[in-house]
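With compact mmCIF, C-alpha atoms inside, this is target-v2.txt:
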```txt
# COMPACT_ATOMS: atom_id res chain seq x y z
CA MET A 281 88.46 54.15 132.08
CA LEU A 282 87.14 50.88 130.62
CA THR A 283 83.61 51.77 131.71
CA SER A 284 83.71 55.13 129.90
CA LEU A 285 85.06 53.43 126.74
CA ILE A 286 82.26 50.89 126.84
CA LEU A 287 79.73 53.66 127.47
CA THR A 288 81.04 55.69 124.50
CA ALA A 289 80.94 52.62 122.26
CA VAL A 290 77.37 51.88 123.36
CA VAL A 291 76.24 55.48 122.71
CA CYS A 292 77.96 55.64 119.30
CA GLY A 293 76.68 52.22 118.30
CA GLY A 294 73.21 53.09 119.48
CA SER A 295 73.18 56.35 117.50
CA LEU A 296 74.45 54.61 114.38
CA GLY A 297 71.92 51.85 114.75
CA TYR A 298 69.07 54.30 115.29
CA SER A 299 70.11 56.38 112.30
CA LEU A 300 70.30 53.20 110.15
CA TYR A 301 66.88 52.21 111.44
CA LEU A 302 65.47 55.65 110.52
CA THR A 303 67.04 55.54 107.05
CA ARG A 304 65.60 52.07 106.41
CA ARG A 305 62.20 53.11 107.74
CA SER A 306 62.29 56.21 105.57
CA ARG A 307 63.21 54.16 102.47
CA ALA A 308 60.53 51.62 103.24
CA ALA A 309 57.92 54.35 103.62
CA MET A 310 59.00 56.15 100.46
CA PRO A 311 56.91 54.25 97.88
CA GLU A 312 53.72 54.80 99.87
CA ALA A 313 54.59 58.47 100.45
CA PHE A 314 55.21 58.96 96.72
CA ARG A 315 51.96 57.17 95.86
CA MET A 316 49.97 59.44 98.20
CA PHE A 317 51.71 62.56 96.77
CA PHE A 318 51.16 61.60 93.12
CA GLU A 319 47.54 60.58 93.71
CA ARG A 320 46.63 63.74 95.59
CA THR A 321 48.43 66.28 93.41
CA GLY A 322 48.28 64.59 90.02
CA TYR A 323 52.00 65.26 89.53
CA ARG A 324 53.96 62.97 87.21
CA TYR A 325 57.59 62.99 86.09
CA ALA A 326 57.94 64.78 82.76
CA ASP A 327 60.46 62.31 81.32
CA ILE A 328 58.15 59.30 81.81
CA LEU A 329 54.84 61.14 81.59
CA ASP A 330 52.83 58.36 79.93
CA ARG A 331 54.02 55.53 82.18
CA PRO A 332 51.75 54.03 84.87
CA LEU A 333 51.77 55.35 88.43
CA ASP A 334 53.98 52.52 89.75
CA ALA A 335 56.74 53.51 87.30
CA HIS A 336 56.63 57.08 88.69
CA ILE A 337 56.88 55.79 92.26
CA MET A 338 59.94 53.71 91.40
CA HIS A 339 61.44 56.61 89.47
CA GLY A 340 60.97 58.91 92.47
CA ALA A 341 62.70 56.51 94.84
CA LYS A 342 65.59 56.15 92.38
CA LEU A 343 65.98 59.92 92.07
CA VAL A 344 66.08 60.36 95.85
CA ALA A 345 68.67 57.58 96.25
CA GLY A 346 71.10 59.14 93.75
CA ALA A 347 70.45 62.78 94.64
CA ALA A 348 73.08 63.28 97.33
CA THR A 349 76.08 62.25 95.26
CA ARG A 350 75.32 62.97 91.60
CA GLY A 351 73.08 65.99 91.78
CA TYR A 352 69.67 65.88 90.17
CA ARG A 353 67.06 67.49 87.95
CA ILE A 354 63.49 66.67 88.87
CA HIS A 355 60.82 67.86 86.45
CA MET A 356 57.22 67.10 87.33
CA ILE A 357 53.99 68.14 85.62
CA ARG A 358 50.43 68.26 86.93
CA ASP A 359 47.08 69.37 85.60
CA PHE A 360 45.68 71.93 88.04
CA HIS A 361 42.01 72.37 87.09
CA GLY A 362 42.92 72.57 83.43
CA THR A 363 46.17 74.52 83.86
CA PRO A 364 49.42 72.60 83.33
CA ILE A 365 51.85 73.27 86.18
CA HIS A 366 55.52 72.35 85.96
CA SER A 367 57.74 71.92 89.00
CA VAL A 368 61.49 71.81 88.40
CA GLN A 369 64.22 71.27 90.97
CA GLU A 370 67.89 71.20 90.06
CA HIS A 371 71.01 70.60 92.08
CA ARG A 372 74.29 70.51 90.16
CA PRO A 373 77.58 70.11 92.01
CA ARG A 374 80.54 71.25 89.87
CA SER A 375 84.03 72.66 90.18
CA GLN A 376 84.85 76.31 89.49
CA ASN A 377 88.52 77.33 89.58
CA GLY A 378 89.27 74.26 91.68
CA ARG A 379 86.56 75.07 94.22
CA PRO A 380 83.40 73.01 94.63
CA VAL A 381 80.32 74.99 93.64
CA VAL A 382 76.69 73.93 93.73
CA GLU A 383 74.17 75.46 91.34
CA ALA A 384 70.67 75.03 92.69
CA GLY A 385 67.40 76.06 91.13
CA ALA A 386 63.77 75.42 91.89
CA SER A 387 60.75 76.87 90.20
CA TRP A 388 57.15 76.31 89.30
CA TRP A 389 55.88 77.52 85.94
CA THR A 390 52.89 77.37 83.67
CA PRO A 391 53.03 77.87 79.90
CA LEU A 392 50.86 80.60 78.37
CA PRO A 393 48.75 79.70 75.34
CA ARG A 394 49.67 83.01 73.64
CA PRO A 395 51.92 86.01 74.41
CA PRO A 396 50.39 87.81 77.41
CA ARG A 397 48.72 91.20 77.11
CA ILE A 398 50.28 92.19 80.43
CA ARG A 399 53.86 91.61 81.58
CA LEU A 400 54.57 91.62 85.28
CA GLN A 401 57.30 90.94 87.81
CA ILE A 402 56.78 90.75 91.56
CA VAL A 403 59.66 90.17 93.94
CA GLU A 404 60.37 90.33 97.66
CA ARG A 405 62.10 93.60 98.52
CA SER A 406 64.67 91.57 100.42
CA LEU A 407 65.75 89.77 97.23
CA ALA A 408 66.30 92.94 95.23
CA ALA A 409 67.61 95.17 98.02
CA PRO A 410 71.32 96.00 98.55
CA ALA A 411 71.02 94.52 102.06
CA GLY A 412 70.55 91.12 100.42
CA ALA A 413 73.70 91.65 98.38
CA LEU A 414 75.61 92.60 101.54
CA GLN A 415 74.41 89.46 103.29
CA GLU A 416 75.56 87.42 100.29
CA ALA A 417 79.00 89.05 100.33
CA PHE A 418 79.63 87.59 103.79
CA GLY A 419 77.96 84.25 103.15
CA SER A 420 78.68 81.29 100.93
CA GLU A 421 75.43 81.56 99.02
CA ARG A 422 74.49 83.80 96.09
CA ARG A 423 70.85 84.24 95.08
CA VAL A 424 70.57 85.55 91.53
CA TRP A 425 67.73 87.95 90.75
CA THR A 426 67.40 90.23 87.73
CA GLN A 427 64.92 92.93 86.81
CA HIS A 428 63.10 91.93 83.61
CA LEU A 429 60.75 94.86 83.07
CA PRO A 430 61.39 98.59 82.78
CA LEU A 431 58.82 100.27 85.00
CA SER A 432 58.74 100.17 88.80
CA VAL A 433 55.16 100.42 90.08
CA GLN A 434 53.64 101.15 93.51
CA ALA A 435 50.67 98.91 94.32
CA GLY A 436 49.05 101.54 96.53
CA ASP A 437 48.45 98.85 99.16
CA ALA A 438 50.60 99.34 102.28
CA GLU A 439 50.98 95.63 103.03
CA LEU A 440 51.93 94.73 99.47
CA ASP A 441 54.26 97.70 98.95
CA GLN A 442 56.01 97.05 102.25
CA ARG A 443 56.89 93.51 101.22
CA PHE A 444 57.18 93.47 97.42
CA LEU A 445 58.57 95.37 94.45
CA PHE A 446 56.40 95.45 91.34
CA PHE A 447 57.59 95.91 87.77
CA GLY A 448 55.71 96.16 84.49
CA ILE A 449 55.40 97.99 81.19
CA ALA A 450 52.48 100.22 82.20
CA ALA A 451 51.40 100.97 85.80
CA GLU A 452 47.69 100.49 85.12
CA GLU A 453 48.31 96.97 83.81
CA VAL A 454 50.14 95.93 86.98
CA LEU A 455 47.37 97.35 89.17
CA GLN A 456 44.76 95.55 87.09
CA VAL A 457 46.41 92.19 87.85
CA LEU A 458 46.72 93.02 91.56
CA ARG A 459 42.99 93.81 91.66
CA THR A 460 42.19 90.32 90.31
CA PRO A 461 40.28 88.41 93.03
CA GLY A 462 42.57 86.10 94.96
CA VAL A 463 45.92 87.44 93.76
CA ARG A 464 46.64 89.61 96.81
CA ASP A 465 45.94 86.82 99.32
CA LEU A 466 47.88 84.26 97.32
CA LEU A 467 50.91 86.57 97.19
CA LEU A 468 50.81 87.29 100.90
CA GLY A 469 50.24 83.62 101.67
CA CYS A 470 53.52 82.54 100.06
CA ALA A 471 56.72 82.52 102.11
CA GLU A 472 58.80 83.96 99.26
CA ILE A 473 57.76 85.54 95.97
CA ASP A 474 59.85 85.93 92.84
CA LEU A 475 57.15 85.86 90.17
CA THR A 476 57.60 86.79 86.52
CA VAL A 477 55.10 86.82 83.67
CA GLU A 478 57.40 86.16 80.72
CA ARG A 479 56.60 86.13 77.02
CA ASP A 480 55.53 82.49 77.03
CA ARG A 481 55.10 81.47 80.69
CA VAL A 482 54.47 82.51 84.29
CA VAL A 483 57.33 81.50 86.62
CA LEU A 484 57.71 81.43 90.38
CA ALA A 485 61.39 80.96 91.25
CA ASP A 486 62.28 79.60 94.66
CA PRO A 487 65.82 78.23 94.44
CA ARG A 488 66.28 78.16 98.21
CA HIS A 489 63.01 76.24 98.74
CA LYS A 490 61.73 78.92 101.12
CA ASN A 491 58.11 78.06 100.39
CA MET A 492 58.60 74.35 100.96
CA THR A 493 60.63 74.92 104.12
CA ALA A 494 57.95 77.21 105.52
CA GLY A 495 55.28 74.66 104.55
CA THR A 496 56.99 71.94 106.57
CA GLY A 497 57.22 74.14 109.65
CA GLY A 498 60.53 75.88 109.03
CA TYR A 499 63.95 74.37 109.68
CA LEU A 500 62.99 73.14 113.17
CA GLY A 501 59.73 71.67 111.96
CA SER A 502 61.56 69.90 109.17
CA LEU A 503 64.05 68.53 111.67
CA ALA A 504 61.23 67.32 113.89
CA LEU A 505 59.65 65.49 110.95
CA GLY A 506 62.84 63.46 110.65
CA ALA A 507 62.34 60.40 108.50
CA ASP A 508 58.55 60.56 108.40
CA MET A 509 58.31 60.72 104.61
CA MET A 510 54.54 60.44 104.53
CA LYS A 511 54.04 63.46 106.77
CA ARG A 512 56.79 65.41 105.02
CA MET A 513 55.28 64.92 101.58
CA GLU A 514 51.78 65.56 102.86
CA LEU A 515 52.86 68.95 104.16
CA THR A 516 54.24 69.97 100.78
CA ILE A 517 50.87 69.52 99.06
CA PRO A 518 49.24 72.78 100.27
CA VAL A 519 52.38 74.63 99.12
CA HIS A 520 52.17 73.08 95.65
CA ASP A 521 48.44 73.89 95.52
CA ARG A 522 48.90 77.53 96.57
CA VAL A 523 51.64 78.12 94.03
CA ALA A 524 49.66 76.41 91.27
CA GLU A 525 46.68 78.61 92.05
CA LEU A 526 48.86 81.73 92.03
CA LEU A 527 50.35 80.82 88.64
CA ALA A 528 46.98 79.93 87.12
CA THR A 529 45.24 83.07 88.43
CA THR A 530 48.07 85.42 87.43
CA GLY A 531 48.40 83.80 84.01
CA ARG A 532 44.67 84.23 83.30
CA ALA A 533 44.76 87.86 84.48
CA CYS A 534 47.65 88.67 82.14
CA LEU A 535 46.24 87.12 78.95
CA MET B 200 78.06 116.40 82.08
CA TRP B 201 81.50 116.71 80.46
CA ASN B 202 80.23 114.96 77.31
CA LYS B 203 77.22 117.30 77.14
CA LEU B 204 79.52 120.31 77.51
CA LYS B 205 81.85 118.99 74.81
CA SER B 206 78.91 118.29 72.56
CA ALA B 207 77.50 121.79 73.11
CA LEU B 208 80.87 123.28 72.20
CA GLY B 209 81.11 121.03 69.17
CA LEU B 210 84.19 119.28 70.57
CA GLY B 211 84.91 115.55 70.57
CA GLY B 212 82.37 112.80 69.85
CA ASP B 213 81.81 110.98 66.59
CA PRO B 214 81.60 113.60 63.77
CA GLU B 215 79.54 111.25 61.52
CA LEU B 216 77.04 110.71 64.35
CA ALA B 217 76.86 114.47 65.04
CA ALA B 218 76.28 115.20 61.33
CA ALA B 219 73.60 112.50 61.19
CA GLN B 220 71.80 113.94 64.21
CA HIS B 221 71.95 117.39 62.61
CA ARG B 222 70.30 116.09 59.40
CA MET B 223 67.66 114.29 61.48
CA GLN B 224 66.49 117.61 62.90
CA VAL B 225 65.11 118.46 59.46
CA ASP B 226 63.32 115.10 59.17
CA HIS B 227 61.81 115.53 62.62
CA GLN B 228 59.70 118.45 61.42
CA ASP B 229 57.52 115.69 59.99
CA PRO B 230 55.88 113.72 62.88
CA ARG B 231 55.72 110.56 60.71
CA LYS B 232 59.49 110.59 60.24
CA ARG B 233 59.96 111.33 63.93
CA PHE B 234 57.85 108.24 64.67
CA VAL B 235 60.14 106.14 62.44
CA PHE B 236 63.13 107.35 64.42
CA ALA B 237 61.31 106.48 67.67
CA VAL B 238 61.31 102.88 66.38
CA ILE B 239 65.04 102.94 65.56
CA ALA B 240 65.97 104.77 68.79
CA ILE B 241 65.62 101.58 70.88
CA SER B 242 69.00 100.58 69.47
CA TYR B 243 70.64 103.55 67.71
CA LYS B 244 71.26 107.19 68.50
CA ALA B 245 71.02 108.28 64.85
CA ASP B 246 69.20 107.35 61.66
CA PRO B 247 71.41 104.87 59.69
CA ALA B 248 70.40 106.71 56.50
CA TYR B 249 72.84 109.43 57.51
CA GLN B 250 75.72 107.14 58.51
CA GLU B 251 77.03 105.88 55.18
CA GLY B 252 79.98 103.79 56.36
CA PHE B 253 78.01 102.10 59.11
CA ALA B 254 74.95 101.48 56.89
CA LYS B 255 77.00 99.87 54.09
CA MET B 256 78.85 97.67 56.56
CA ALA B 257 75.63 96.58 58.33
CA ILE B 258 73.81 95.68 55.11
CA ARG B 259 76.78 93.82 53.66
CA ASP B 260 78.32 92.13 56.73
CA TRP B 261 75.45 91.70 59.18
CA TYR B 262 72.61 90.95 56.77
CA GLY B 263 74.66 89.62 53.79
CA ILE B 264 72.58 91.64 51.31
CA GLY B 265 74.22 92.53 47.99
CA SER B 266 71.46 93.88 45.75
CA PRO B 267 68.34 96.09 45.88
CA GLU B 268 66.16 93.05 45.03
CA LYS B 269 67.48 91.06 47.98
CA LEU B 270 67.03 94.07 50.24
CA GLY B 271 63.37 94.38 49.17
CA ILE B 272 62.81 90.66 49.82
CA ARG B 273 64.32 90.90 53.32
CA ILE B 274 62.33 94.00 54.27
CA SER B 275 59.03 92.59 53.05
CA GLY B 276 59.86 89.31 54.83
CA PHE B 277 60.22 91.17 58.13
CA LEU B 278 57.00 93.08 57.45
CA ARG B 279 55.12 89.82 56.87
CA GLY B 280 56.52 88.60 60.19
CA THR B 281 59.02 85.92 61.14
CA SER B 282 59.10 83.61 64.14
CA SER B 283 60.45 86.53 66.22
CA THR B 284 58.39 89.27 67.90
CA PRO B 285 56.58 91.87 65.73
CA ALA B 286 58.72 94.56 67.41
CA TYR B 287 62.02 92.97 66.43
CA ASP B 288 60.76 92.33 62.88
CA ALA B 289 59.51 95.92 62.54
CA PHE B 290 62.78 97.28 63.91
CA ARG B 291 64.84 95.26 61.43
CA ALA B 292 62.59 96.30 58.53
CA THR B 293 62.95 99.97 59.54
CA PHE B 294 66.70 99.69 59.99
CA LEU B 295 67.19 98.06 56.56
CA ALA B 296 64.84 100.53 54.89
CA ARG B 297 66.80 103.50 56.21
CA ALA B 298 70.26 101.93 55.77
CA GLY B 299 69.36 101.07 52.17
CA VAL B 300 69.64 104.74 51.14
CA PRO B 301 73.38 105.34 51.73
CA ALA B 302 74.04 101.77 50.56
CA GLY B 303 72.69 102.91 47.18
CA MET B 304 69.93 100.30 47.13
CA LEU B 305 66.87 102.48 47.80
CA THR B 306 65.83 106.03 46.97
CA ASP B 307 64.91 108.27 49.89
CA GLU B 308 61.23 108.05 48.93
CA GLU B 309 61.26 104.23 48.71
CA SER B 310 63.04 104.10 52.05
CA TRP B 311 60.40 106.21 53.83
CA THR B 312 57.59 104.16 52.27
CA TRP B 313 59.03 100.92 53.69
CA ALA B 314 59.86 102.58 57.04
CA LEU B 315 56.33 103.96 57.44
CA ARG B 316 54.89 100.52 56.75
CA ALA B 317 57.12 99.16 59.52
CA GLY B 318 55.84 101.96 61.79
CA GLN B 319 52.26 100.88 61.02
CA MET B 320 53.23 97.34 61.96
CA VAL B 321 54.41 98.63 65.35
CA GLN B 322 51.13 100.51 65.87
CA ARG B 323 49.06 97.46 64.91
CA SER B 324 50.98 95.15 67.23
CA TYR B 325 51.41 97.20 70.44
CA PRO B 326 49.51 99.77 72.53
CA SER B 327 52.55 101.98 73.35
CA PHE B 328 56.24 102.61 72.68
CA MET B 329 57.05 100.96 76.00
CA HIS B 330 55.28 97.76 74.89
CA TYR B 331 57.12 97.97 71.57
CA GLY B 332 60.41 98.30 73.48
CA MET B 333 59.61 95.21 75.53
CA GLY B 334 58.79 93.29 72.35
CA TYR B 335 62.12 94.40 70.88
CA LEU B 336 63.92 93.24 74.04
CA ASP B 337 62.28 89.79 73.84
CA GLY B 338 63.11 89.43 70.15
CA HIS B 339 66.68 90.65 70.51
CA LEU B 340 67.45 88.41 73.48
CA ALA B 341 65.98 85.38 71.69
CA TYR B 342 68.13 86.19 68.65
CA ARG B 343 71.32 86.62 70.73
CA GLN B 344 70.56 83.38 72.56
CA SER B 345 70.21 81.59 69.21
CA CYS B 346 73.68 82.97 68.34
CA GLY B 347 75.04 81.18 71.41
CA ASP B 348 75.58 84.16 73.73
CA GLU B 349 76.24 83.28 77.37
CA PRO B 350 73.57 84.03 80.04
CA ALA B 351 75.80 86.76 81.53
CA ALA B 352 76.00 88.53 78.16
CA LEU B 353 72.22 88.25 77.75
CA GLU B 354 71.74 89.84 81.17
CA ARG B 355 74.00 92.71 80.12
CA TYR B 356 71.91 93.27 76.95
CA ARG B 357 68.74 93.21 79.05
CA HIS B 358 70.17 95.67 81.55
CA ASN B 359 71.31 98.08 78.81
CA LEU B 360 68.03 97.88 76.91
CA LEU B 361 65.96 98.52 80.05
CA ALA B 362 68.13 101.59 80.70
CA THR B 363 67.59 102.80 77.10
CA MET B 364 63.84 102.29 77.43
CA ASN B 365 63.77 104.28 80.67
CA GLU B 366 65.73 107.08 79.00
CA LEU B 367 63.42 107.11 75.94
CA THR B 368 60.35 107.17 78.20
CA ARG B 369 61.64 110.42 79.63
CA SER B 370 62.45 111.88 76.18
CA LEU B 371 61.56 110.91 72.60
CA TRP B 372 58.82 108.39 73.39
CA THR B 373 56.82 110.94 75.36
CA GLN B 374 57.38 113.75 72.84
CA ILE B 375 55.49 111.97 70.08
CA SER B 376 52.06 110.37 69.99
CA PHE B 377 52.03 106.61 69.52
CA ASP B 378 48.88 107.10 67.44
CA THR B 379 50.58 109.45 64.93
CA ALA B 380 48.93 108.98 61.53
CA LEU B 381 51.52 107.25 59.33
```
Spell out the structure here as structure tokens.
Amino acid sequence: MLTSLILTAVVCGGSLGYSLYLTRRSRAAMPEAFRMFFERTGYRYADILDRPLDAHIMHGAKLVAGAATRGYRIHMIRDFHGTPIHSVQEHRPRSQNGRPVVEAGASWWTPLPRPPRIRLQIVERSLAAPAGALQEAFGSERRVWTQHLPLSVQAGDAELDQRFLFFGIAAEEVLQVLRTPGVRDLLLGCAEIDLTVERDRVVLADPRHKNMTAGTGGYLGSLALGADMMKRMELTIPVHDRVAELLATTGRACL
Amino acid sequence: MWNKLKSALGLGGDPELAAAQHRMQVDHQDPRKRFVFAVIAISYKADPAYQEGFAKMAIRDWYGIGSPEKLGIRISGFLRGTSSTPAYDAFRATFLARAGVPAGMLTDEESWTWALRAGQMVQRSYPSFMHYGMGYLDGHLAYRQSCGDEPAALERYRHNLLATMNELTRSLWTQISFDTAL
């Protein structure tokens, strides 16, 4: 009896100690991980855009520390070969009719210098399909998607049509964008697409972080990364780059 | 189906709207006037020029216009362009031009002159009625947002306008050339 109590205490204490060790190691590694991420991507926080790099690193660590309890809004901007790319992540816990509700949003967007000649919306069939709504009815999560443009268009490409829905104002305009070199591969290379060319910007919405999760090896891969902040942030860079390229290419094709 | 049957039998519905649509049939012999209605049709089922009560109320209460001079200033302001989309400006110029007739502020001839200029603005700014409709949607949503409408209400407007555009694409907007000489 006493032996099993001691054993349980040792196991619990050991787990707690290890988890504290990981948290401390993760916190200690955070500044260097942020530095690497900012240097390689060029991202900076929008609210302190003109401050030196060290201020951004400290700001990042502060945001992460307060994120779990207070919710957060992280807005970063980078210059991607001359195209400004914004990355926004929001997480707002609130109460609705006495029940705790979390509103989460994540998107990348690039502003357009003038109203686009071509309007376009591309979305995963699974996001717009009734099956998605059915899944939501039995789950605790609701993913909001709305059709912005009037005309549904077939791409005439089996792989694209099987995965995505396309909307526009005129079919030929949508096809013209899809024929733009690089667009097809960039679309298929993303884990989840909800792309809209609006009146003043191109937006890729990804509130459930599907692209980031896929980039870090899925849920299991992310678990395996554990507290290795450096590796974790390094793996997000190709995702940021792919999305930035998709936004820049689509935006140019629509102007 | 029931509404169509009632309408065919001349039963039910709004009598002012039915009378307005009847008078529009005469106007629509002229393709230029039909084009003007294609601009208004994104939001209304009949020309406001033939709905006196509605036109007077809209000019007075919605736009706060009390004289022919002020009406002229507002229409020409929309035709010069505001910070909204060209489509929303052209729509509002057309609407005021046509509503000005039953409000006693414009003659029929003056009204068509303004309305045709608004039609030309639509042709200059967009390649098709569908593009015009999208411009109207953008302008209208931005205006409603500036009035403080909730996101859910904005989504309802968007949904309804997309449905109207799809209906017009299968009817009026394909029955008339976008390049009609105005």
Sort by chain and increasing residue number a table of all residues of region 228-308 of chain B within 12 Å of region 366-373 of chain B, each with its closest pair of atoms and their distance in Å to one decimal, counting all atoms listed in the file, and write it as a tab-separated table.
```
residue	atom	partner	partner_atom	distance
B:Pro230	CA	B:Leu371	CA	11.6
B:Arg233	CA	B:Leu371	CA	8.8
B:Phe234	CA	B:Trp372	CA	8.8
B:Val235	CA	B:Trp372	CA	11.3
B:Phe236	CA	B:Leu371	CA	9.1
B:Ala237	CA	B:Trp372	CA	6.5
B:Val238	CA	B:Trp372	CA	9.3
B:Ile239	CA	B:Leu371	CA	11.2
B:Ala240	CA	B:Leu367	CA	7.9
B:Ile241	CA	B:Leu367	CA	7.8
B:Ser242	CA	B:Leu367	CA	10.8
B:Tyr243	CA	B:Leu367	CA	11.5
B:Lys244	CA	B:Leu367	CA	10.8
```
Go through chain A residue by residue and, counting only C-alpha atoms, keep those with an atom at most 9 Å from chain B; for each kept residue give the shortest atom pair and its distance in Å to one decimal, ordered by chain and increasing number, as a tab-separated table.
```
residue	atom	partner	partner_atom	distance
A:Thr426	CA	B:Glu354	CA	7.9
A:Gln427	CA	B:His358	CA	7.9
A:His428	CA	B:Arg357	CA	7.4
A:Leu429	CA	B:Leu361	CA	7.0
A:Pro430	CA	B:Leu361	CA	5.3
A:Leu431	CA	B:Asn365	CA	7.7
A:Ile449	CA	B:Met329	CA	6.2
A:Ala450	CA	B:Met329	CA	7.7
A:Arg479	CA	B:Asp337	CA	7.5
```
Open item on the list: Would you pick out the contacts of Arg358 (chain A) at 8 Å or less, using all atoms listed in the file, so that residues sharing its chain but fewer than 6 positions from it are not included, and give the list as a ChimeraX atom specification?
Closed with: /A:321-324,364-366
Open item on the list: Would you compute the distance between CA of Pro396 (chain A) and CA of Asp327 (chain A)? Give it in Å to one decimal.
Closed with: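 Interatomic distance, CA of Pro396 (chain A) to CA of Asp327 (chain A): 27.7 Å.
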Task: Contact residues around Gly469 (chain A) with only C-alpha atoms at 12 Å, ignoring same-chain residues under 3 positions, as a list in words - done: Leu440, Arg443, Gly462, Val463, Arg464, Asp465, Leu466, Glu472, Ile473, Asn491, Ala494, Gly495, Pro518, Val519, Asp521, Arg522, Val523, Glu525 and Leu526 of chain A
Open item on the list: List the spatial neighbours of His221 (chain B) as a PyMOL selection string - criterion: any atom at most 12 Å away, only C-alpha atoms, same-chain residues fewer than 6 positions off excluded.
Closed with: chain B and resi 209+214-215+227+244-246+249-250
Task: Distance in Å - CA of Val300 (chain B) versus CA of Ala314 (chain B) - done: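 Atom-to-atom, CA of Val300 (chain B) and CA of Ala314 (chain B) are spaced 11.6 Å apart.
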Open item on the list: Would you compute the distance between CA of Asp474 (chain A) and CA of Pro285 (chain B)? Give it in Å to one decimal.
Closed with: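 Separating CA of Asp474 (chain A) from CA of Pro285 (chain B) is a distance of 27.9 Å.
Compared by their closest atoms to Pro267 (chain B), and using only C-alpha atoms, the residues B:Ala219, B:Ala341, B:Ala302, B:Pro247 rank with B:Ala302 nearest.
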Task: Test item: residues at most 12 Å from Gly501 (chain A), all atoms listed in the file, excluding those fewer than 4 positions along its chain, as a list in words - done: Met492, Thr493, Ala494, Gly495, Thr496, Gly497, Leu505, Gly506, Asp508, Lys511, Arg512 and Leu515 of chain A
Next, write the just-selected residues to a file, as a short mmCIF file (atom, residue, chain, number, x, y, z; two decimals), keeping the file's coordinate frame, keeping C-alpha atoms as the atom set.
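Writing done, so here's selection-v5.cif:
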```cif
data_model
loop_
_atom_site.label_atom_id
_atom_site.label_comp_id
_atom_site.auth_asym_id
_atom_site.auth_seq_id
_atom_site.Cartn_x
_atom_site.Cartn_y
_atom_site.Cartn_z
CA MET A 492 58.60 74.35 100.96
CA THR A 493 60.63 74.92 104.12
CA ALA A 494 57.95 77.21 105.52
CA GLY A 495 55.28 74.66 104.55
CA THR A 496 56.99 71.94 106.57
CA GLY A 497 57.22 74.14 109.65
CA LEU A 505 59.65 65.49 110.95
CA GLY A 506 62.84 63.46 110.65
CA ASP A 508 58.55 60.56 108.40
CA LYS A 511 54.04 63.46 106.77
CA ARG A 512 56.79 65.41 105.02
CA LEU A 515 52.86 68.95 104.16
#
```
Task: Nearest-residue call for Tyr287 (chain B), choices B:Ser324, B:Thr379, B:Ser345, B:Thr312, using only C-alpha atoms - done: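 Among the listed residues, the smallest separation from Tyr287 (chain B) belongs to B:Ser324.
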- [ ] Please write as a PyMOL selection string the list of polymer residues whose atoms come within 12 Å of (67.8, 103.0, 52.7), counting only C-alpha atoms and keeping to the coordinates of the file.
- [x] chain B and resi 246-251+254-255+257-258+267+270-271+274+292-314
Open item on the list: Using only C-alpha atoms for the distances, tell me which of A:Ile337, A:Ile517, A:Leu407, A:Ala528 is nearest to Gly362 (chain A).
Closed with: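 Answer, going by the shortest atom-to-atom distance: A:Ala528.
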Open item on the list: Between A:Ala524, A:Ala289, A:Met509, A:Ala533, which residue has the minimum interatomic distance to Leu458 (chain A), considering all atoms listed in the file?
Closed with: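 Closest candidate: A:Ala533.
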Task: Minimum-distance residue to Leu216 (chain B), chosen among B:Phe253, B:Lys232, B:Cys346, B:Gly338 (using all atoms listed in the file) - done: B:Phe253
